[in-house]
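Peer 1: If it helps, the file is called start-v8.tsv and holds TSV, C-alpha atoms and all ligand atoms:
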chain	number	residue	atom	x	y	z
A	1	MET	CA	-30.27	16.45	24.00
A	2	ARG	CA	-27.44	14.80	25.81
A	3	ARG	CA	-26.46	12.99	22.69
A	4	ILE	CA	-26.38	16.16	20.63
A	5	SER	CA	-24.16	18.02	23.07
A	6	LEU	CA	-21.98	14.95	23.33
A	7	VAL	CA	-21.44	14.73	19.64
A	8	PHE	CA	-20.71	18.39	19.25
A	9	GLY	CA	-18.53	18.52	22.28
A	10	LEU	CA	-16.13	15.83	21.30
A	11	MET	CA	-15.25	16.56	17.77
A	12	ALA	CA	-12.75	18.99	16.44
A	13	LEU	CA	-12.14	19.75	12.83
A	14	ALA	CA	-8.46	19.22	12.28
A	15	MET	CA	-8.49	20.34	8.70
A	16	GLY	CA	-10.05	23.24	6.93
A	17	PRO	CA	-13.22	23.60	4.93
A	18	ALA	CA	-15.11	20.79	3.26
A	19	ALA	CA	-13.44	21.37	-0.08
A	20	ALA	CA	-11.11	18.62	-1.22
A	21	GLN	CA	-7.42	19.34	-0.95
A	22	SER	CA	-5.59	19.23	-4.24
A	23	CYS	CA	-4.19	15.88	-5.31
A	24	PRO	CA	-0.93	16.43	-7.20
A	25	GLY	CA	-0.93	14.70	-10.58
A	26	HIS	CA	-4.57	13.65	-10.19
A	27	PRO	CA	-6.75	16.68	-10.86
A	28	ASP	CA	-9.93	14.60	-10.98
A	29	ALA	CA	-9.33	12.88	-7.65
A	30	ILE	CA	-11.97	13.21	-4.97
A	31	GLY	CA	-9.32	13.81	-2.27
A	32	THR	CA	-9.95	14.00	1.47
A	33	SER	CA	-11.78	17.10	2.56
A	34	ARG	CA	-11.23	17.03	6.32
A	35	THR	CA	-10.63	14.92	9.38
A	36	ILE	CA	-12.84	14.38	12.41
A	37	THR	CA	-11.05	13.76	15.69
A	38	VAL	CA	-12.62	11.03	17.80
A	39	ASP	CA	-12.11	10.75	21.54
A	40	PRO	CA	-13.49	7.37	22.69
A	41	SER	CA	-14.30	8.76	26.12
A	42	VAL	CA	-16.73	11.17	24.51
A	43	LEU	CA	-17.95	9.11	21.55
A	44	PRO	CA	-17.60	5.44	22.57
A	45	GLN	CA	-19.99	4.01	19.95
A	46	ILE	CA	-20.04	4.77	16.24
A	47	GLY	CA	-22.46	3.61	13.56
A	48	THR	CA	-26.23	3.80	13.22
A	49	MET	CA	-26.51	0.19	12.07
A	50	GLN	CA	-26.20	-0.75	15.75
A	51	TYR	CA	-25.85	2.36	17.88
A	52	LYS	CA	-27.65	5.62	18.46
A	53	THR	CA	-24.50	7.62	17.81
A	54	SER	CA	-22.28	7.99	14.78
A	55	LEU	CA	-19.73	10.47	13.46
A	56	PRO	CA	-21.07	14.03	13.13
A	57	LEU	CA	-20.89	14.06	9.34
A	58	GLU	CA	-22.28	16.90	7.29
A	59	ASP	CA	-24.48	16.45	4.26
A	60	HIS	CA	-22.61	14.50	1.51
A	61	GLU	CA	-19.73	13.42	3.73
A	62	VAL	CA	-18.53	9.80	3.78
A	63	VAL	CA	-15.96	8.00	5.93
A	64	ILE	CA	-14.55	4.87	4.27
A	65	THR	CA	-13.42	1.97	6.46
A	66	PHE	CA	-11.75	-1.34	5.55
A	67	ASP	CA	-11.91	-4.51	7.66
A	68	ASP	CA	-10.19	-7.91	7.80
A	69	GLY	CA	-6.80	-7.20	6.21
A	70	PRO	CA	-4.11	-6.85	5.44
A	71	LEU	CA	-3.98	-9.37	2.59
A	72	PRO	CA	-1.93	-8.96	-0.56
A	73	PRO	CA	-2.51	-8.34	-3.36
A	74	TYR	CA	-5.90	-6.78	-2.60
A	75	THR	CA	-4.83	-4.54	0.26
A	76	SER	CA	-1.95	-3.31	-1.88
A	77	ARG	CA	-4.19	-2.61	-4.87
A	78	ILE	CA	-6.59	-0.71	-2.63
A	79	LEU	CA	-3.72	1.32	-1.18
A	80	ASP	CA	-2.66	2.22	-4.73
A	81	VAL	CA	-6.17	3.39	-5.61
A	82	LEU	CA	-6.48	5.41	-2.39
A	83	ALA	CA	-3.11	7.07	-3.07
A	84	GLU	CA	-4.08	7.91	-6.66
A	85	ASN	CA	-7.19	9.61	-5.30
A	86	CYS	CA	-5.58	11.21	-2.24
A	87	VAL	CA	-8.18	9.47	-0.11
A	88	LYS	CA	-7.42	8.70	3.55
A	89	VAL	CA	-9.42	6.02	5.30
A	90	ASP	CA	-9.72	4.02	8.52
A	91	TYR	CA	-8.52	0.41	8.71
A	92	PHE	CA	-9.55	-2.29	11.16
A	93	LEU	CA	-6.86	-4.96	10.98
A	94	VAL	CA	-6.99	-8.57	12.18
A	95	GLY	CA	-4.06	-9.35	14.50
A	96	GLU	CA	-3.05	-12.60	12.86
A	97	MET	CA	-3.15	-11.01	9.42
A	98	ALA	CA	-0.94	-8.21	10.72
A	99	HIS	CA	1.49	-10.85	12.01
A	100	ALA	CA	1.58	-12.42	8.57
A	101	TYR	CA	2.07	-9.15	6.65
A	102	PRO	CA	3.70	-6.58	8.93
A	103	TRP	CA	5.25	-4.73	5.98
A	104	LEU	CA	1.76	-4.11	4.63
A	105	VAL	CA	0.58	-2.82	8.02
A	106	ARG	CA	3.41	-0.27	7.96
A	107	ARG	CA	2.61	0.67	4.39
A	108	ILE	CA	-1.00	1.35	5.39
A	109	TYR	CA	0.09	3.59	8.26
A	110	ASN	CA	2.75	5.44	6.31
A	111	ALA	CA	0.24	6.22	3.58
A	112	GLY	CA	-1.64	8.32	6.12
A	113	HIS	CA	-4.43	5.93	6.99
A	114	VAL	CA	-5.65	5.30	10.51
A	115	VAL	CA	-5.04	1.81	11.93
A	116	GLY	CA	-7.58	0.38	14.37
A	117	THR	CA	-8.10	-3.30	15.19
A	118	HIS	CA	-10.60	-6.06	14.51
A	119	SER	CA	-9.63	-8.79	17.03
A	120	LEU	CA	-6.79	-11.32	17.03
A	121	SER	CA	-8.24	-14.06	14.83
A	122	HIS	CA	-11.67	-12.84	13.73
A	123	PRO	CA	-13.86	-15.30	15.66
A	124	LEU	CA	-17.56	-14.99	14.87
A	125	ASN	CA	-18.79	-15.55	18.40
A	126	PHE	CA	-17.96	-12.37	20.28
A	127	ASN	CA	-21.53	-12.20	21.50
A	128	ARG	CA	-21.18	-15.61	23.15
A	129	MET	CA	-17.69	-15.22	24.63
A	130	ASP	CA	-16.83	-15.02	28.28
A	131	ASP	CA	-14.79	-12.13	29.65
A	132	SER	CA	-11.45	-13.85	29.22
A	133	GLY	CA	-12.22	-14.73	25.61
A	134	ILE	CA	-13.13	-11.16	24.77
A	135	GLU	CA	-10.02	-9.90	26.51
A	136	ARG	CA	-7.78	-12.37	24.69
A	137	GLN	CA	-9.20	-11.41	21.30
A	138	VAL	CA	-9.21	-7.64	21.84
A	139	ASP	CA	-5.87	-7.35	23.62
A	140	GLY	CA	-4.26	-9.97	21.39
A	141	GLY	CA	-5.32	-8.12	18.25
A	142	ILE	CA	-4.02	-4.83	19.57
A	143	ALA	CA	-0.69	-6.38	20.62
A	144	ALA	CA	-0.25	-8.03	17.22
A	145	VAL	CA	-0.99	-4.86	15.28
A	146	LYS	CA	1.26	-2.80	17.59
A	147	THR	CA	4.10	-5.23	16.96
A	148	ALA	CA	3.50	-5.11	13.22
A	149	LEU	CA	3.49	-1.30	13.28
A	150	GLY	CA	6.70	-1.21	15.28
A	151	ASP	CA	5.49	1.78	17.30
A	152	PRO	CA	2.89	1.37	20.06
A	153	HIS	CA	1.81	5.00	19.68
A	154	ALA	CA	0.78	4.54	16.05
A	155	ILE	CA	-2.30	2.46	16.75
A	156	ALA	CA	-5.73	4.09	17.08
A	157	PRO	CA	-8.05	3.19	20.00
A	158	PHE	CA	-10.68	2.11	17.47
A	159	PHE	CA	-12.14	-1.41	17.48
A	160	ARG	CA	-14.66	-3.16	15.29
A	161	VAL	CA	-16.23	-6.42	16.48
A	162	PRO	CA	-15.91	-9.29	13.95
A	163	GLY	CA	-19.22	-9.80	12.20
A	164	LEU	CA	-20.44	-6.79	14.22
A	165	LEU	CA	-21.53	-9.41	16.79
A	166	ARG	CA	-21.54	-7.04	19.72
A	167	ASN	CA	-23.54	-7.22	22.90
A	168	THR	CA	-23.66	-5.18	26.11
A	169	LYS	CA	-20.84	-7.16	27.69
A	170	VAL	CA	-18.57	-6.60	24.67
A	171	ASP	CA	-19.42	-2.89	24.55
A	172	SER	CA	-18.72	-2.50	28.28
A	173	PHE	CA	-15.36	-4.21	27.94
A	174	LEU	CA	-14.37	-1.97	25.04
A	175	ALA	CA	-15.49	1.14	26.93
A	176	MET	CA	-13.46	0.00	29.94
A	177	LYS	CA	-10.42	-0.29	27.66
A	178	SER	CA	-11.08	3.26	26.35
A	179	LEU	CA	-11.70	1.93	22.85
A	180	ALA	CA	-14.28	3.45	20.53
A	181	VAL	CA	-16.38	0.61	19.14
A	182	TRP	CA	-17.16	1.01	15.47
A	183	SER	CA	-20.20	-0.40	13.77
A	184	ALA	CA	-21.11	1.31	10.48
A	185	ASP	CA	-23.80	3.35	8.83
A	186	GLU	CA	-23.69	1.41	5.56
A	187	VAL	CA	-22.30	-1.85	4.18
A	188	ALA	CA	-21.99	-2.80	0.51
A	189	ASP	CA	-22.17	-6.61	0.83
A	190	ASP	CA	-18.66	-6.87	-0.64
A	191	TRP	CA	-18.01	-10.10	1.29
A	192	HIS	CA	-20.59	-11.96	-0.80
A	193	HIS	CA	-19.08	-14.37	-3.24
A	194	GLY	CA	-20.11	-13.62	-6.78
A	195	ILE	CA	-20.94	-9.99	-6.10
A	196	THR	CA	-19.62	-7.80	-8.92
A	197	PRO	CA	-17.71	-4.55	-8.51
A	198	LYS	CA	-20.65	-2.78	-10.16
A	199	GLN	CA	-23.07	-4.18	-7.59
A	200	ILE	CA	-20.80	-3.08	-4.75
A	201	VAL	CA	-20.72	0.48	-6.09
A	202	LYS	CA	-24.49	0.51	-6.56
A	203	LEU	CA	-25.23	-0.85	-3.09
A	204	ALA	CA	-22.81	1.56	-1.45
A	205	ILE	CA	-24.22	4.60	-3.23
A	206	ASN	CA	-27.86	3.59	-2.76
A	207	ARG	CA	-27.42	2.99	0.95
A	208	ILE	CA	-25.43	6.17	1.52
A	209	GLU	CA	-28.14	8.15	-0.29
A	210	ALA	CA	-30.86	6.42	1.70
A	211	LYS	CA	-29.19	7.29	5.01
A	212	GLY	CA	-29.25	11.03	4.62
A	213	HIS	CA	-26.50	11.28	2.01
A	214	ARG	CA	-23.70	10.56	4.46
A	215	GLY	CA	-22.22	7.86	6.61
A	216	VAL	CA	-19.49	5.49	7.72
A	217	LEU	CA	-19.15	2.90	4.94
A	218	LEU	CA	-17.81	-0.57	5.82
A	219	LEU	CA	-15.78	-2.37	3.12
A	220	HIS	CA	-13.25	-5.24	3.20
A	221	ASP	CA	-9.75	-4.94	1.75
A	222	ILE	CA	-9.32	-8.71	1.38
A	223	HIS	CA	-11.67	-9.13	-1.58
A	224	PRO	CA	-10.83	-8.72	-5.26
A	225	ALA	CA	-14.27	-7.32	-6.10
A	226	THR	CA	-13.80	-4.56	-3.52
A	227	ALA	CA	-10.42	-3.66	-5.01
A	228	LEU	CA	-11.99	-3.48	-8.46
A	229	ALA	CA	-14.99	-1.48	-7.25
A	230	LEU	CA	-13.05	1.20	-5.42
A	231	PRO	CA	-11.99	3.40	-8.39
A	232	ASP	CA	-15.58	3.57	-9.67
A	233	LEU	CA	-16.97	4.08	-6.20
A	234	LEU	CA	-14.71	7.10	-5.64
A	235	LYS	CA	-15.57	8.46	-9.10
A	236	GLU	CA	-19.28	8.06	-8.46
A	237	LEU	CA	-19.07	9.70	-5.05
A	238	LYS	CA	-17.25	12.66	-6.55
A	239	ALA	CA	-19.73	12.95	-9.43
A	240	ARG	CA	-22.56	13.10	-6.90
A	241	GLY	CA	-20.90	15.84	-4.90
A	242	TYR	CA	-19.67	13.77	-1.96
A	243	HIS	CA	-16.61	14.54	0.17
A	244	ILE	CA	-14.37	12.02	1.88
A	245	VAL	CA	-13.70	12.54	5.59
A	246	GLN	CA	-11.18	10.61	7.71
A	247	ALA	CA	-11.73	9.88	11.39
A	248	VAL	CA	-8.54	10.24	13.42
A	249	PRO	CA	-7.89	9.49	17.09
A	250	ALA	CA	-7.42	12.31	19.57
A	251	GLY	CA	-3.86	12.88	20.76
A	252	GLU	CA	-0.45	12.66	19.16
A	253	ARG	CA	0.54	9.95	16.73
A	254	PRO	CA	3.90	9.45	14.99
A	255	ALA	CA	4.03	10.85	11.44
A	256	SER	CA	5.38	7.52	10.22
A	257	VAL	CA	6.71	4.17	11.40
A	258	PRO	CA	9.97	2.53	10.23
A	259	GLU	CA	9.57	0.61	6.99
A	260	PRO	CA	10.92	-2.95	6.94
A	261	ILE	CA	14.45	-3.24	5.57
A	262	ALA	CA	13.57	-5.74	2.88
A	263	LYS	CA	10.34	-4.93	1.12
A	264	MET	CA	8.36	-7.89	-0.09
A	265	ARG	CA	6.62	-7.85	-3.40
A	266	ASP	CA	2.91	-8.53	-3.51
A	267	GLY	CA	2.10	-12.13	-4.03
A	268	GLN	CA	5.01	-13.39	-2.01
A	269	SER	CA	3.87	-15.06	1.11
A	270	GLY	CA	5.24	-14.43	4.54
A	271	SER	CA	7.10	-11.42	5.76
A	272	PRO	CA	10.62	-10.07	5.43
A	273	HIS	CA	13.25	-12.24	7.10
A	274	VAL	CA	14.03	-9.54	9.60
A	275	MET	CA	10.43	-9.66	10.79
A	276	LYS	CA	10.04	-13.38	10.61
A	277	ALA	CA	13.09	-13.92	12.76
A	278	SER	CA	11.56	-11.82	15.49
A	279	MET	CA	8.34	-13.81	15.56
A	280	SER	CA	8.01	-16.62	18.01
A	281	VAL	CA	7.36	-20.09	16.66
A	282	GLU	CA	3.88	-19.95	18.11
A	283	HIS	CA	3.10	-16.63	16.48
A	284	ALA	CA	4.49	-17.72	13.14
A	285	ALA	CA	2.30	-20.82	13.21
A	286	LYS	CA	-0.72	-18.74	14.18
A	287	ALA	CA	-0.08	-16.29	11.36
A	288	LYS	CA	0.16	-19.16	8.93
A	289	ARG	CA	-3.09	-20.58	10.21
A	290	ALA	CA	-4.75	-17.18	9.91
A	291	HIS	CA	-3.51	-16.84	6.40
A	292	ARG	CA	-4.75	-20.31	5.43
A	293	HIS	CA	-8.04	-19.57	7.13
A	294	HIS	CA	-8.59	-16.40	5.16
A	295	ARG	CA	-7.45	-18.03	1.95
A	296	ARG	CA	-9.97	-20.81	2.50
A	297	GLN	CA	-12.61	-18.22	3.11
A	298	LEU	CA	-11.76	-16.45	-0.09
A	299	LYS	CA	-12.20	-19.71	-2.02
A	300	HIS	CA	-9.65	-18.76	-4.60
A	301	VAL	CA	-5.93	-18.57	-4.95
A	302	VAL	CA	-4.45	-15.67	-6.81
A	303	ALA	CA	-1.35	-15.18	-4.73
A	304	GLN	CA	0.67	-14.00	-7.68
A	305	ALA	CA	-2.00	-11.66	-8.94
A	306	THR	CA	-0.81	-8.10	-8.97
A	307	ASP	CA	-2.78	-6.54	-11.79
A	308	ASP	CA	-6.41	-5.77	-12.43
A	309	ASP	CA	-6.78	-8.54	-15.00
A	310	ALA	CA	-5.73	-11.19	-12.52
A	311	ILE	CA	-7.98	-9.70	-9.87
A	312	ALA	CA	-10.86	-9.58	-12.35
A	313	LYS	CA	-10.30	-13.26	-13.11
A	314	ALA	CA	-10.49	-13.99	-9.43
A	315	VAL	CA	-13.83	-12.23	-9.27
A	316	ALA	CA	-15.13	-14.18	-12.26
A	317	SER	CA	-14.01	-17.47	-10.76
A	318	ARG	CA	-16.08	-17.01	-7.66
A	319	THR	CA	-19.22	-19.05	-7.67
A	320	LYS	CA	-19.83	-20.11	-4.12
A	321	LYS	CA	-21.68	-18.16	-1.54
A	322	ALA	CA	-19.64	-16.16	0.90
A	323	GLN	CA	-18.04	-17.87	3.82
A	324	THR	CA	-15.80	-14.98	4.62
A	325	ALA	CA	-15.13	-12.65	7.40
A	326	ASP	CA	-18.32	-10.98	8.38
A	327	SER	CA	-20.59	-13.08	6.25
A	328	GLY	CA	-20.75	-15.75	8.91
A	329	ALA	CA	-22.79	-13.45	11.05
A	330	ASN	CA	-26.49	-14.13	11.02
A	331	TRP	CA	-26.79	-10.54	11.95
A	332	PHE	CA	-26.35	-9.55	8.33
A	333	THR	CA	-29.02	-11.80	7.00
A	334	TRP	CA	-31.85	-9.61	8.12
A	335	ARG	CA	-30.75	-6.80	5.88
B	1	ZN	ZN	-14.46	-8.68	9.72
Could you write out this file's structure as structure tokens?
Ligand SMILES: [Zn+2]

Peer 2:
Amino acid sequence: MRRISLVFGLMALAMGPAAAQSCPGHPDAIGTSRTITVDPSVLPQIGTMQYKTSLPLEDHEVVITFDDGPLPPYTSRILDVLAENCVKVDYFLVGEMAHAYPWLVRRIYNAGHVVGTHSLSHPLNFNRMDDSGIERQVDGGIAAVKTALGDPHAIAPFFRVPGLLRNTKVDSFLAMKSLAVWSADEVADDWHHGITPKQIVKLAINRIEAKGHRGVLLLHDIHPATALALPDLLKELKARGYHIVQAVPAGERPASVPEPIAKMRDGQSGSPHVMKASMSVEHAAKAKRAHRHHRRQLKHVVAQATDDDAIAKAVASRTKKAQTADSGANWFTWR
């Protein structure tokens, strides 16, 4: 009873009815039907995979979330697909990745997506950390993403624990920081090496249908297969009568953040000189390490890849089992 009143009490519909808004130039796009405003003090925990509460979605409503980025060219490709479909989503960025690609962080925000955080360096031991470790990872990630955004008010008080390795101590810390902790309602196993775009679409749809035809879907914008799956996933959702909903934080946020002066093309490493110059030596080294770390995890190098063919090749070249991002969590293995 308490939970029901909680959920209904905290949400406000910021946009109109559940019909998709028109998407200029893309009449077949699924669009974004509405937003749900989330106040962490009222809904501190989101996602039925781990919590009793989730977003108050109606029948056939899906919230899409992306973790672990930004990482070109995949994040960029995904942003293109989202724009072509007028779909707005929620991102959970890794601090060190944001340090490495601040121009991409700003592009995400200025495209109308919500930017939450996913720790400083994506350690897969949150559930074994002491208080200071948790604090360093959570606060460090937020600070890094704020710096990358260039406006401290642009960030959302939304946090997702790496590998979803939460425990009571982690949840209490996040609540104390007035952060909503996000789990998910569905995953699509897109971090598995060798998984095909088709399999990702199938898993996502099957699991959404199995969970009451709705849910918060967790994807990763650092994987080529995810980038390739997204157009078909959106098409399939539309064909089945689904609507896309975006969760937004309560309160005011800037309409946009300043774009970097010199835009980098996808595939180029590093960040614009103006940004790089402002980074401390320590931060620059950390960003490099984070980048190398994620590249190792990906087990492939397609830094120059900017088209679907190159991304498809990257998918085909993957043979080893996933070592990435959330795959290190034993938590997932019971699924
Ligand atoms: Zn992750």

Peer 1: Please tabulate, as a Markdown table, the residues of chain A that come within 9 Å of ligand ZN 1 (chain B), each with its closest pair of atoms and the distance in Å to one decimal, counting only C-alpha atoms and all ligand atoms and ordering rows by chain, then residue number upward.

Peer 2:
| residue | atom | partner | partner_atom | distance |
| --- | --- | --- | --- | --- |
| A:Phe66 | CA | B:ZN1 | ZN | 8.9 |
| A:Asp67 | CA | B:ZN1 | ZN | 5.3 |
| A:Asp68 | CA | B:ZN1 | ZN | 4.7 |
| A:Gly69 | CA | B:ZN1 | ZN | 8.6 |
| A:Phe92 | CA | B:ZN1 | ZN | 8.2 |
| A:Leu93 | CA | B:ZN1 | ZN | 8.6 |
| A:Val94 | CA | B:ZN1 | ZN | 7.9 |
| A:His118 | CA | B:ZN1 | ZN | 6.7 |
| A:Ser119 | CA | B:ZN1 | ZN | 8.8 |
| A:His122 | CA | B:ZN1 | ZN | 6.4 |
| A:Pro123 | CA | B:ZN1 | ZN | 8.9 |
| A:Leu124 | CA | B:ZN1 | ZN | 8.7 |
| A:Arg160 | CA | B:ZN1 | ZN | 7.8 |
| A:Val161 | CA | B:ZN1 | ZN | 7.3 |
| A:Pro162 | CA | B:ZN1 | ZN | 4.5 |
| A:Gly163 | CA | B:ZN1 | ZN | 5.5 |
| A:Leu164 | CA | B:ZN1 | ZN | 7.7 |
| A:His220 | CA | B:ZN1 | ZN | 7.5 |
| A:Thr324 | CA | B:ZN1 | ZN | 8.2 |
| A:Ala325 | CA | B:ZN1 | ZN | 4.6 |
| A:Asp326 | CA | B:ZN1 | ZN | 4.7 |
| A:Ser327 | CA | B:ZN1 | ZN | 8.3 |

Peer 1: Would you work out the distance separating atom CA of A:Ile134 from atom CA of A:Gly95, expressed in Å to one decimal?

Peer 2: 13.8 Å

Peer 1: Between A:Leu79, A:Ile142, A:Val201, A:Val181, which residue has the minimum interatomic distance to A:His113, considering all atoms listed in the file?

Peer 2: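 Nearest to A:His113: A:Leu79.
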
Peer 1: Residues within 8 Å of A:Asn167, please, as a ChimeraX atom specification. Count only C-alpha atoms; anything in the same chain fewer than 3 positions from it doesn't count.

Peer 2: /A:127,170-171

Peer 1: Could you check how far atom CA of A:Ile36 sits from atom CA of A:Ala143, in Å to one decimal?

Peer 2: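 Distance reported for this atom pair: 25.4 Å.
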
Peer 1: Might you pull out every residue within 12 Å of A:Leu218, with all atoms listed in the file counted and same-chain residues fewer than 5 positions away left off, and present them as number ranges by chain?

Peer 2: A: 46-47, 49, 62-68, 89-92, 160, 163-164, 182-191, 200, 203-204, 207-208, 226, 326

Peer 1: Given the point (-11.2, 10.9, 4.1) in the coordinates of this file, which residues lie within 6 Å, counting all atoms listed in the file, and how would they look as a ChimeraX atom specification?

Peer 2: /A:32,63,87-89,244-246

Peer 1: Using C-alpha atoms, can you export the residues from the last selection as a CSV table (one decimal), keeping the file's coordinate frame?

Peer 2:
chain,number,residue,atom,x,y,z
A,32,THR,CA,-10.0,14.0,1.5
A,63,VAL,CA,-16.0,8.0,5.9
A,87,VAL,CA,-8.2,9.5,-0.1
A,88,LYS,CA,-7.4,8.7,3.6
A,89,VAL,CA,-9.4,6.0,5.3
A,244,ILE,CA,-14.4,12.0,1.9
A,245,VAL,CA,-13.7,12.5,5.6
A,246,GLN,CA,-11.2,10.6,7.7

Peer 1: Which is closer to A:Ala227 than all the others in A:Asp80, A:Asp151, A:Asp139, A:Glu58, using all atoms listed in the file?

Peer 2: A:Asp80

Peer 1: Go ahead and compute the interatomic distance for atom CA of A:Ser178 and atom CA of A:Phe159, in Å to one decimal.

Peer 2: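 Pair atom CA of A:Ser178 / atom CA of A:Phe159 returns 10.1 Å.
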
Peer 1: Name the residues in contact with stretch 248-252 of chain A at a cut-off of 6 Å, using all atoms listed in the file, excluding same-chain residues fewer than 4 positions from it; report them as a PDB file with C-alpha atoms, in the frame of the given file.

Peer 2:
ATOM      1  CA  THR A  37     -11.050  13.760  15.690  1.00  0.00           C
ATOM      2  CA  VAL A  38     -12.620  11.030  17.800  1.00  0.00           C
ATOM      3  CA  ASP A  39     -12.110  10.750  21.540  1.00  0.00           C
ATOM      4  CA  ALA A 156      -5.730   4.090  17.080  1.00  0.00           C
TER       5      ALA A 156
END

Peer 1: Between A:Leu230, A:Ile155, A:Gln50, A:Phe173, single out the one closest to A:Gly133, counting all atoms listed in the file.

Peer 2: A:Phe173

Peer 1: Would you mind telling me which residue in A:Ala180, A:Val81, A:Ala175, A:Leu233 lies nearest to A:Lys202 when using only C-alpha atoms?

Peer 2: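 Once distances to A:Lys202 are computed over only C-alpha atoms, the minimum belongs to A:Leu233.
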
Peer 1: Could you give me, as an mmCIF file with C-alpha atoms, in the coordinates of the input, the residues within 12 Å of A:Pro24, counting all atoms listed in the file and dropping anything in the same chain fewer than 5 positions from it?

Peer 2:
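part_6.cif, written as the output of this step:
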data_model
loop_
_atom_site.group_PDB
_atom_site.id
_atom_site.type_symbol
_atom_site.label_atom_id
_atom_site.label_comp_id
_atom_site.auth_asym_id
_atom_site.auth_seq_id
_atom_site.Cartn_x
_atom_site.Cartn_y
_atom_site.Cartn_z
ATOM 1 C CA ALA A 29 -9.330 12.880 -7.650
ATOM 2 C CA ILE A 30 -11.970 13.210 -4.970
ATOM 3 C CA GLY A 31 -9.320 13.810 -2.270
ATOM 4 C CA ALA A 83 -3.110 7.070 -3.070
ATOM 5 C CA GLU A 84 -4.080 7.910 -6.660
ATOM 6 C CA ASN A 85 -7.190 9.610 -5.300
ATOM 7 C CA CYS A 86 -5.580 11.210 -2.240
#

Peer 1: In terms of the shortest atom-to-atom distance over all atoms listed in the file, which of A:Leu55, A:Ala154, A:His99, A:His60 is closest to A:Lys238?

Peer 2: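 Looking at the shortest contact to A:Lys238, the residue is A:His60.
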
Peer 1: So that I can check the surroundings of A:Leu120, please list as a list in words every protein, DNA and RNA residue that reaches within 7 Å of it, counting all atoms listed in the file and ignoring chain neighbours fewer than 3 positions away.

Peer 2: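 The neighbour list is Val94, Gly95, Glu96, Gln137, Val138, Gly140 and Gly141 of chain A.
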
Peer 1: Would you mind putting back all heavy atoms on stretch 198-202 of chain A, then writing it out as an mmCIF file, keeping the file's coordinate frame?

Peer 2:
data_model
loop_
_atom_site.group_PDB
_atom_site.id
_atom_site.type_symbol
_atom_site.label_atom_id
_atom_site.label_comp_id
_atom_site.auth_asym_id
_atom_site.auth_seq_id
_atom_site.Cartn_x
_atom_site.Cartn_y
_atom_site.Cartn_z
ATOM 1 N N LYS A 198 -19.543 -3.699 -9.850
ATOM 2 C CA LYS A 198 -20.650 -2.780 -10.160
ATOM 3 C C LYS A 198 -21.726 -2.815 -9.074
ATOM 4 O O LYS A 198 -22.272 -1.783 -8.668
ATOM 5 C CB LYS A 198 -21.294 -3.182 -11.487
ATOM 6 C CG LYS A 198 -21.016 -2.208 -12.606
ATOM 7 C CD LYS A 198 -21.822 -2.570 -13.834
ATOM 8 C CE LYS A 198 -21.320 -1.672 -14.958
ATOM 9 N NZ LYS A 198 -21.685 -2.112 -16.263
ATOM 10 N N GLN A 199 -22.036 -4.029 -8.629
ATOM 11 C CA GLN A 199 -23.070 -4.180 -7.590
ATOM 12 C C GLN A 199 -22.606 -3.545 -6.285
ATOM 13 O O GLN A 199 -23.404 -2.942 -5.570
ATOM 14 C CB GLN A 199 -23.374 -5.669 -7.378
ATOM 15 C CG GLN A 199 -24.162 -6.280 -8.525
ATOM 16 C CD GLN A 199 -24.253 -7.796 -8.421
ATOM 17 O OE1 GLN A 199 -23.307 -8.460 -7.999
ATOM 18 N NE2 GLN A 199 -25.388 -8.351 -8.798
ATOM 19 N N ILE A 200 -21.337 -3.685 -5.985
ATOM 20 C CA ILE A 200 -20.800 -3.080 -4.750
ATOM 21 C C ILE A 200 -20.963 -1.567 -4.803
ATOM 22 O O ILE A 200 -21.420 -0.936 -3.839
ATOM 23 C CB ILE A 200 -19.311 -3.472 -4.554
ATOM 24 C CG1 ILE A 200 -19.197 -4.973 -4.240
ATOM 25 C CG2 ILE A 200 -18.675 -2.640 -3.445
ATOM 26 C CD1 ILE A 200 -17.769 -5.500 -4.225
ATOM 27 N N VAL A 201 -20.603 -0.981 -5.943
ATOM 28 C CA VAL A 201 -20.720 0.480 -6.090
ATOM 29 C C VAL A 201 -22.181 0.897 -5.932
ATOM 30 O O VAL A 201 -22.499 1.844 -5.203
ATOM 31 C CB VAL A 201 -20.172 0.935 -7.470
ATOM 32 C CG1 VAL A 201 -20.442 2.421 -7.690
ATOM 33 C CG2 VAL A 201 -18.671 0.638 -7.568
ATOM 34 N N LYS A 202 -23.071 0.160 -6.586
ATOM 35 C CA LYS A 202 -24.490 0.510 -6.560
ATOM 36 C C LYS A 202 -25.053 0.423 -5.139
ATOM 37 O O LYS A 202 -25.757 1.335 -4.677
ATOM 38 C CB LYS A 202 -25.251 -0.448 -7.490
ATOM 39 C CG LYS A 202 -26.640 0.016 -7.832
ATOM 40 C CD LYS A 202 -27.177 -0.766 -9.028
ATOM 41 C CE LYS A 202 -28.546 -0.244 -9.410
ATOM 42 N NZ LYS A 202 -29.639 -1.078 -9.033
#
